[in-house]
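**Student:** Take a look at the following structure, please.
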Amino acid sequence: MPGVLVADDDRFAAEALRIHLTRAGIETAVAASGREALAQFAACQPHVVLLDAAMPDISGPEVCQQIRATAAGAETVVIMVSGASTPSRAYVRNCAATSGVNTFVSKPYDMRKLIGLVQQKLERREEPAA
């Protein structure tokens, strides 16, 4: 079962993330659209979803809302990634926050920092409850 689902319609960006996550020892699935992301989520129920904000069929915030509406989605960490320009960024952040996104990351991002963030979120999920 993949620990991370990368959902991005930019296939180059999604593949780059998959390669870096795999090199870090993290099993990763990739989806190229919102619909595909929802199908992949249902199939593999990852612990972390890296979700592009702007996809052509279903927006990232809407995908997040649909993930949150599932039993497994309540515990899933959703990290939204957006390349929105500065004037649009506040709107995208607001949409992300109201849809249940845990963390927002702006493009271009530092790959090492993003992989570190994902690893941190996965480690927190594995910590035993006190």
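Residues are named by chain letter and number: chains run A, B, ... in the order of the structure tokens, numbers start at 1 in each chain, and ligands are numbered from 1 in the order shown.
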Please report, as a PyMOL selection string, each residue of chain A to which DSSP assigns strand (DSSP E) when run on this structure's backbone.

**Tutor:** chain A and resi 4-7+28-31+48-52+77-82+103-106

**Student:** I'd like the neighbourhood of Ala39 (chain A) as a PyMOL selection string, where a residue qualifies if any of its atoms comes within 12 Å (using only C-alpha atoms), though same-chain residues fewer than 4 positions away should be ignored.

**Tutor:** chain A and resi 5+7+29-35+43-46+63+66-67

**Student:** How about saving the chosen residues, N, CA and C atoms kept, as an mmCIF file, in the first residue's frame?

**Tutor:**
data_model
loop_
_atom_site.group_PDB
_atom_site.id
_atom_site.type_symbol
_atom_site.label_atom_id
_atom_site.label_comp_id
_atom_site.auth_asym_id
_atom_site.auth_seq_id
_atom_site.Cartn_x
_atom_site.Cartn_y
_atom_site.Cartn_z
ATOM 1 N N LEU A 5 0.181 9.500 -2.050
ATOM 2 C CA LEU A 5 -0.429 9.670 -3.370
ATOM 3 C C LEU A 5 -0.068 11.060 -3.856
ATOM 4 N N ALA A 7 -0.918 13.728 -6.664
ATOM 5 C CA ALA A 7 -1.950 14.057 -7.649
ATOM 6 C C ALA A 7 -1.599 15.389 -8.297
ATOM 7 N N ALA A 29 2.114 6.367 -5.119
ATOM 8 C CA ALA A 29 1.221 6.216 -6.277
ATOM 9 C C ALA A 29 1.062 7.595 -6.903
ATOM 10 N N VAL A 30 0.732 7.627 -8.197
ATOM 11 C CA VAL A 30 0.595 8.894 -8.913
ATOM 12 C C VAL A 30 -0.751 8.939 -9.621
ATOM 13 N N ALA A 31 -1.380 10.115 -9.604
ATOM 14 C CA ALA A 31 -2.630 10.358 -10.333
ATOM 15 C C ALA A 31 -2.466 11.651 -11.120
ATOM 16 N N ALA A 32 -3.025 11.663 -12.336
ATOM 17 C CA ALA A 32 -2.862 12.821 -13.226
ATOM 18 C C ALA A 32 -4.100 13.707 -13.310
ATOM 19 N N SER A 33 -5.145 13.387 -12.556
ATOM 20 C CA SER A 33 -6.364 14.194 -12.577
ATOM 21 C C SER A 33 -7.071 14.051 -11.233
ATOM 22 N N GLY A 34 -8.043 14.899 -11.005
ATOM 23 C CA GLY A 34 -8.818 14.805 -9.781
ATOM 24 C C GLY A 34 -9.587 13.496 -9.683
ATOM 25 N N ARG A 35 -10.207 13.091 -10.779
ATOM 26 C CA ARG A 35 -10.960 11.826 -10.783
ATOM 27 C C ARG A 35 -10.040 10.643 -10.506
ATOM 28 N N ALA A 43 -8.610 3.171 -3.748
ATOM 29 C CA ALA A 43 -7.945 1.879 -3.941
ATOM 30 C C ALA A 43 -6.820 1.632 -2.938
ATOM 31 N N CYS A 44 -6.020 2.667 -2.637
ATOM 32 C CA CYS A 44 -4.821 2.422 -1.823
ATOM 33 C C CYS A 44 -4.817 3.107 -0.464
ATOM 34 N N GLN A 45 -5.721 4.023 -0.214
ATOM 35 C CA GLN A 45 -5.848 4.729 1.060
ATOM 36 C C GLN A 45 -4.498 5.143 1.648
ATOM 37 N N PRO A 46 -3.792 6.038 0.959
ATOM 38 C CA PRO A 46 -2.480 6.474 1.435
ATOM 39 C C PRO A 46 -2.585 7.306 2.707
ATOM 40 N N VAL A 63 -11.290 17.905 -4.538
ATOM 41 C CA VAL A 63 -10.779 16.549 -4.300
ATOM 42 C C VAL A 63 -10.573 16.349 -2.802
ATOM 43 N N GLN A 66 -13.806 15.741 -1.007
ATOM 44 C CA GLN A 66 -14.325 14.389 -1.249
ATOM 45 C C GLN A 66 -13.517 13.350 -0.482
ATOM 46 N N ILE A 67 -12.208 13.554 -0.360
ATOM 47 C CA ILE A 67 -11.379 12.648 0.447
ATOM 48 C C ILE A 67 -11.823 12.730 1.904
#

**Student:** Go through A:Leu51, A:Arg23, A:Pro2, A:Val81 and flag the residue nearest Asp110 (chain A), using only C-alpha atoms for the distances.

**Tutor:** A:Val81

**Student:** Using DSSP secondary structure from the backbone, list all alpha helix (DSSP H) positions within chain A, as a PyMOL selection string.

**Tutor:** chain A and resi 11-23+34-44+60-68+86-99+111-126

**Student:** Show me, as a list in words, the residues that have an atom within 9 Å of region 10-22 of chain A when counting only C-alpha atoms, minus same-chain residues fewer than 2 positions from it.

**Tutor:** Val4, Leu5, Val6, Ala7, Asp8, Ala24, Gly25, Ile26, Glu27, Thr28, Ala29, Val30, Ala31, Ala32, Asp52, Met55, Met111, Arg112, Ile115, Val118 and Gln119 of chain A

**Student:** Got time to write the residues from that selection, C-alpha atoms, as a compact mmCIF listing (two decimals), in the first residue's frame?

**Tutor:**
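What follows is the written file part.txt:
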# COMPACT_ATOMS: atom_id res chain seq x y z
CA VAL A 4 1.82 8.75 -0.46
CA LEU A 5 -0.43 9.67 -3.37
CA VAL A 6 0.88 12.40 -5.68
CA ALA A 7 -1.95 14.06 -7.65
CA ASP A 8 -0.76 16.53 -10.27
CA ALA A 24 13.59 8.19 0.24
CA GLY A 25 12.02 4.75 0.76
CA ILE A 26 8.40 5.92 0.50
CA GLU A 27 6.01 3.88 -1.60
CA THR A 28 4.19 6.29 -3.90
CA ALA A 29 1.22 6.22 -6.28
CA VAL A 30 0.60 8.89 -8.91
CA ALA A 31 -2.63 10.36 -10.33
CA ALA A 32 -2.86 12.82 -13.23
CA ASP A 52 -2.09 20.03 -6.88
CA MET A 55 -6.33 20.29 -12.07
CA MET A 111 12.34 19.18 -3.15
CA ARG A 112 14.39 18.24 -0.07
CA ILE A 115 10.30 15.26 1.03
CA VAL A 118 6.23 14.20 3.91
CA GLN A 119 8.58 12.04 5.99

**Student:** What does the structure give for the distance between CA of Gly60 (chain A) and CA of Ser99 (chain A), in Å to one decimal?

**Tutor:** 9.0 Å

**Student:** When distances are computed from only C-alpha atoms, which of A:Gly3, A:Pro61, A:Gly73, A:Pro56 shows the smallest separation from Thr98 (chain A)?

**Tutor:** A:Pro61

**Student:** With a distance cut-off of 9 Å and only C-alpha atoms, select the neighbouring residues of Ile79 (chain A), excluding the residue or stretch itself and same-chain residues fewer than 5 positions from it, and output the selection as a list of chain:residue names.

**Tutor:**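 Close residues of Ile79 (chain A): A:Val48, A:Val49, A:Leu50, A:Leu51, A:Asp52, A:Val101, A:Asn102, A:Thr103, A:Phe104, A:Val105, A:Val118.
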
**Student:** Next, dump the selected residues to file, keeping only C-alpha atoms, as a JSON list (two decimals), in the first residue's frame.

**Tutor:**
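And here is the file that came out, again04.json:
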[["chain", "number", "residue", "atom", "x", "y", "z"],
["A", 48, "VAL", "CA", -0.40, 11.42, 2.80],
["A", 49, "VAL", "CA", -1.79, 13.05, -0.35],
["A", 50, "LEU", "CA", 0.28, 15.65, -2.22],
["A", 51, "LEU", "CA", -2.44, 17.44, -4.14],
["A", 52, "ASP", "CA", -2.09, 20.03, -6.88],
["A", 101, "VAL", "CA", -6.06, 20.77, 3.70],
["A", 102, "ASN", "CA", -3.47, 20.26, 6.44],
["A", 103, "THR", "CA", -0.54, 22.10, 4.85],
["A", 104, "PHE", "CA", -0.08, 24.43, 1.89],
["A", 105, "VAL", "CA", 3.15, 24.53, -0.16],
["A", 118, "VAL", "CA", 6.23, 14.20, 3.91]]

**Student:** State, in Å with one decimal place, the distance from CA of Gly100 (chain A) to CA of Leu117 (chain A).

**Tutor:**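 According to the coordinates, CA of Gly100 (chain A) and CA of Leu117 (chain A) are separated by 17.7 Å.
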
**Student:** If you measure from CA of Ala72 (chain A) to CA of Lys107 (chain A), what distance in Å do you get, rounded to one decimal?

**Tutor:**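 It comes out at 27.6 Å.
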
**Student:** Name the closest residue to Ser106 (chain A) among the candidates A:Val78, A:Cys64, A:Leu122, A:Ala53; distances are taken between atoms, counting only C-alpha atoms.

**Tutor:**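 When distances to Ser106 (chain A) are compared using only C-alpha atoms, the smallest one comes from A:Ala53.
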